[in-house]
Amino acid sequence: MQTYIDPFTDFGFKRIFGSEESKPLLISLKHHRDWVNTMTTAMDTAEAKGREEGREEGIEEGVNQEKIEIARNLLKAKVDLETIQLSTGLSKEVILSLAL
């Protein structure tokens with residue numbers, strides 16, 4: 001027993017979709033499905049790109065926070081400003097703002 005429609009042998013399918021009158025409907029359906037697939041792919045790609053950018057920003061922020069923490073510890077240890085700059089890559093202004 002067949003549980004699905006076979007478009008090559010099913011009389012009803014041929015009758016509905018096999019005529020010239022139904023071609024515009026089939027073409028419209030195909031265009032709609034193509035559009036849906038295109039939009040789904042675009043959204044998936046954008047979502048993946050957004051996630052990757054967010055991950056990169058998070059890593060960069062974590063690295064900057066670590067540099068600031070190192071600079072604070074070096075300031076507490078009375079290390080000179082130039083050494084802190086070389087060690088962390090932070091600007092003089094940022095290091096001085098941490099000292100306040």
# chains A, B, ... in the order shown; residues from 1 in each chain; ligands from 1
>>> residues_around(residues="range 54-67 of chain A", least_positions_apart="2", cutoff="12 Å", atoms="only C-alpha atoms", output="JSON, numbers by chain")
{"A": [47, 48, 49, 50, 51, 52, 69, 70, 71, 72, 73, 74, 84, 85, 86, 87, 88, 89, 90, 91, 94, 95, 98]}
>>> write_last_selection(atoms="C-alpha atoms", output="PDB file, in the first residue's frame")
ATOM      1  CA  GLU A  47      23.701  34.661  13.019  1.00  0.00           C
ATOM      2  CA  ALA A  48      26.943  32.671  12.782  1.00  0.00           C
ATOM      3  CA  LYS A  49      28.897  35.808  11.836  1.00  0.00           C
ATOM      4  CA  GLY A  50      27.361  37.733  14.748  1.00  0.00           C
ATOM      5  CA  ARG A  51      28.251  34.977  17.167  1.00  0.00           C
ATOM      6  CA  GLU A  52      31.856  34.911  15.921  1.00  0.00           C
ATOM      7  CA  GLU A  69      44.596  44.108  36.366  1.00  0.00           C
ATOM      8  CA  ILE A  70      48.308  43.519  35.740  1.00  0.00           C
ATOM      9  CA  ALA A  71      48.888  47.278  35.587  1.00  0.00           C
ATOM     10  CA  ARG A  72      47.056  47.762  38.921  1.00  0.00           C
ATOM     11  CA  ASN A  73      49.176  45.083  40.554  1.00  0.00           C
ATOM     12  CA  LEU A  74      52.388  46.613  39.185  1.00  0.00           C
ATOM     13  CA  ILE A  84      54.247  49.025  33.213  1.00  0.00           C
ATOM     14  CA  GLN A  85      53.728  50.475  29.734  1.00  0.00           C
ATOM     15  CA  LEU A  86      56.162  47.973  28.202  1.00  0.00           C
ATOM     16  CA  SER A  87      54.686  45.067  30.154  1.00  0.00           C
ATOM     17  CA  THR A  88      51.018  45.733  29.394  1.00  0.00           C
ATOM     18  CA  GLY A  89      50.948  47.808  26.213  1.00  0.00           C
ATOM     19  CA  LEU A  90      48.590  50.263  27.906  1.00  0.00           C
ATOM     20  CA  SER A  91      48.940  53.999  27.342  1.00  0.00           C
ATOM     21  CA  VAL A  94      45.210  54.688  31.125  1.00  0.00           C
ATOM     22  CA  ILE A  95      47.865  53.644  33.636  1.00  0.00           C
ATOM     23  CA  LEU A  98      44.296  53.478  37.359  1.00  0.00           C
TER      24      LEU A  98
END
>>> select_by_dssp(residues="chain A", states="alpha helix (DSSP H)", output="NGL selection string")
:A and (11-17 or 23-76 or 81-88 or 92-99)
>>> write_last_selection(atoms="C-alpha atoms", output="mmCIF file, in the first residue's frame")
data_model
loop_
_atom_site.group_PDB
_atom_site.id
_atom_site.type_symbol
_atom_site.label_atom_id
_atom_site.label_comp_id
_atom_site.auth_asym_id
_atom_site.auth_seq_id
_atom_site.Cartn_x
_atom_site.Cartn_y
_atom_site.Cartn_z
ATOM 1 C CA PHE A 11 -4.059 10.530 -11.332
ATOM 2 C CA GLY A 12 -5.121 13.290 -8.915
ATOM 3 C CA PHE A 13 -1.662 14.827 -8.832
ATOM 4 C CA LYS A 14 -1.432 14.795 -12.613
ATOM 5 C CA ARG A 15 -4.908 16.266 -12.889
ATOM 6 C CA ILE A 16 -4.192 19.156 -10.490
ATOM 7 C CA PHE A 17 -0.594 19.992 -11.345
ATOM 8 C CA LYS A 23 1.966 26.081 -14.301
ATOM 9 C CA PRO A 24 1.799 29.662 -12.918
ATOM 10 C CA LEU A 25 0.888 28.222 -9.513
ATOM 11 C CA LEU A 26 3.805 25.799 -9.595
ATOM 12 C CA ILE A 27 6.203 28.531 -10.729
ATOM 13 C CA SER A 28 4.939 30.821 -7.972
ATOM 14 C CA LEU A 29 5.375 28.032 -5.417
ATOM 15 C CA LYS A 30 8.912 27.386 -6.636
ATOM 16 C CA HIS A 31 9.793 31.082 -6.379
ATOM 17 C CA HIS A 32 8.365 31.221 -2.865
ATOM 18 C CA ARG A 33 10.350 28.173 -1.760
ATOM 19 C CA ASP A 34 13.522 29.597 -3.317
ATOM 20 C CA TRP A 35 12.966 32.891 -1.483
ATOM 21 C CA VAL A 36 12.358 31.116 1.842
ATOM 22 C CA ASN A 37 15.518 29.034 1.405
ATOM 23 C CA THR A 38 17.555 32.117 0.481
ATOM 24 C CA MET A 39 16.316 34.050 3.505
ATOM 25 C CA THR A 40 16.904 31.110 5.843
ATOM 26 C CA THR A 41 20.461 30.725 4.584
ATOM 27 C CA ALA A 42 21.102 34.463 4.918
ATOM 28 C CA MET A 43 19.773 34.508 8.494
ATOM 29 C CA ASP A 44 21.840 31.468 9.472
ATOM 30 C CA THR A 45 24.971 33.043 7.984
ATOM 31 C CA ALA A 46 24.330 36.380 9.699
ATOM 32 C CA GLU A 47 23.701 34.661 13.019
ATOM 33 C CA ALA A 48 26.943 32.671 12.782
ATOM 34 C CA LYS A 49 28.897 35.808 11.836
ATOM 35 C CA GLY A 50 27.361 37.733 14.748
ATOM 36 C CA ARG A 51 28.251 34.977 17.167
ATOM 37 C CA GLU A 52 31.856 34.911 15.921
ATOM 38 C CA GLU A 53 32.177 38.706 16.183
ATOM 39 C CA GLY A 54 30.721 38.606 19.697
ATOM 40 C CA ARG A 55 33.161 35.880 20.693
ATOM 41 C CA GLU A 56 36.103 37.898 19.334
ATOM 42 C CA GLU A 57 34.938 41.050 21.142
ATOM 43 C CA GLY A 58 34.581 39.091 24.371
ATOM 44 C CA ILE A 59 38.089 37.688 24.087
ATOM 45 C CA GLU A 60 39.500 41.142 23.324
ATOM 46 C CA GLU A 61 37.665 42.647 26.302
ATOM 47 C CA GLY A 62 38.988 39.887 28.558
ATOM 48 C CA VAL A 63 42.552 40.528 27.389
ATOM 49 C CA ASN A 64 42.155 44.262 28.065
ATOM 50 C CA GLN A 65 40.752 43.581 31.538
ATOM 51 C CA GLU A 66 43.730 41.318 32.255
ATOM 52 C CA LYS A 67 46.153 44.055 31.154
ATOM 53 C CA ILE A 68 44.423 46.537 33.454
ATOM 54 C CA GLU A 69 44.596 44.108 36.366
ATOM 55 C CA ILE A 70 48.308 43.519 35.740
ATOM 56 C CA ALA A 71 48.888 47.278 35.587
ATOM 57 C CA ARG A 72 47.056 47.762 38.921
ATOM 58 C CA ASN A 73 49.176 45.083 40.554
ATOM 59 C CA LEU A 74 52.388 46.613 39.185
ATOM 60 C CA LEU A 75 51.311 50.052 40.441
ATOM 61 C CA LYS A 76 50.721 48.584 43.910
ATOM 62 C CA LEU A 81 55.467 53.826 34.661
ATOM 63 C CA GLU A 82 57.676 52.916 31.681
ATOM 64 C CA THR A 83 58.012 49.295 32.786
ATOM 65 C CA ILE A 84 54.247 49.025 33.213
ATOM 66 C CA GLN A 85 53.728 50.475 29.734
ATOM 67 C CA LEU A 86 56.162 47.973 28.202
ATOM 68 C CA SER A 87 54.686 45.067 30.154
ATOM 69 C CA THR A 88 51.018 45.733 29.394
ATOM 70 C CA LYS A 92 50.379 56.322 29.944
ATOM 71 C CA GLU A 93 46.977 57.990 30.418
ATOM 72 C CA VAL A 94 45.210 54.688 31.125
ATOM 73 C CA ILE A 95 47.865 53.644 33.636
ATOM 74 C CA LEU A 96 47.720 57.026 35.391
ATOM 75 C CA SER A 97 43.907 56.815 35.565
ATOM 76 C CA LEU A 98 44.296 53.478 37.359
ATOM 77 C CA ALA A 99 46.560 55.059 39.946
#
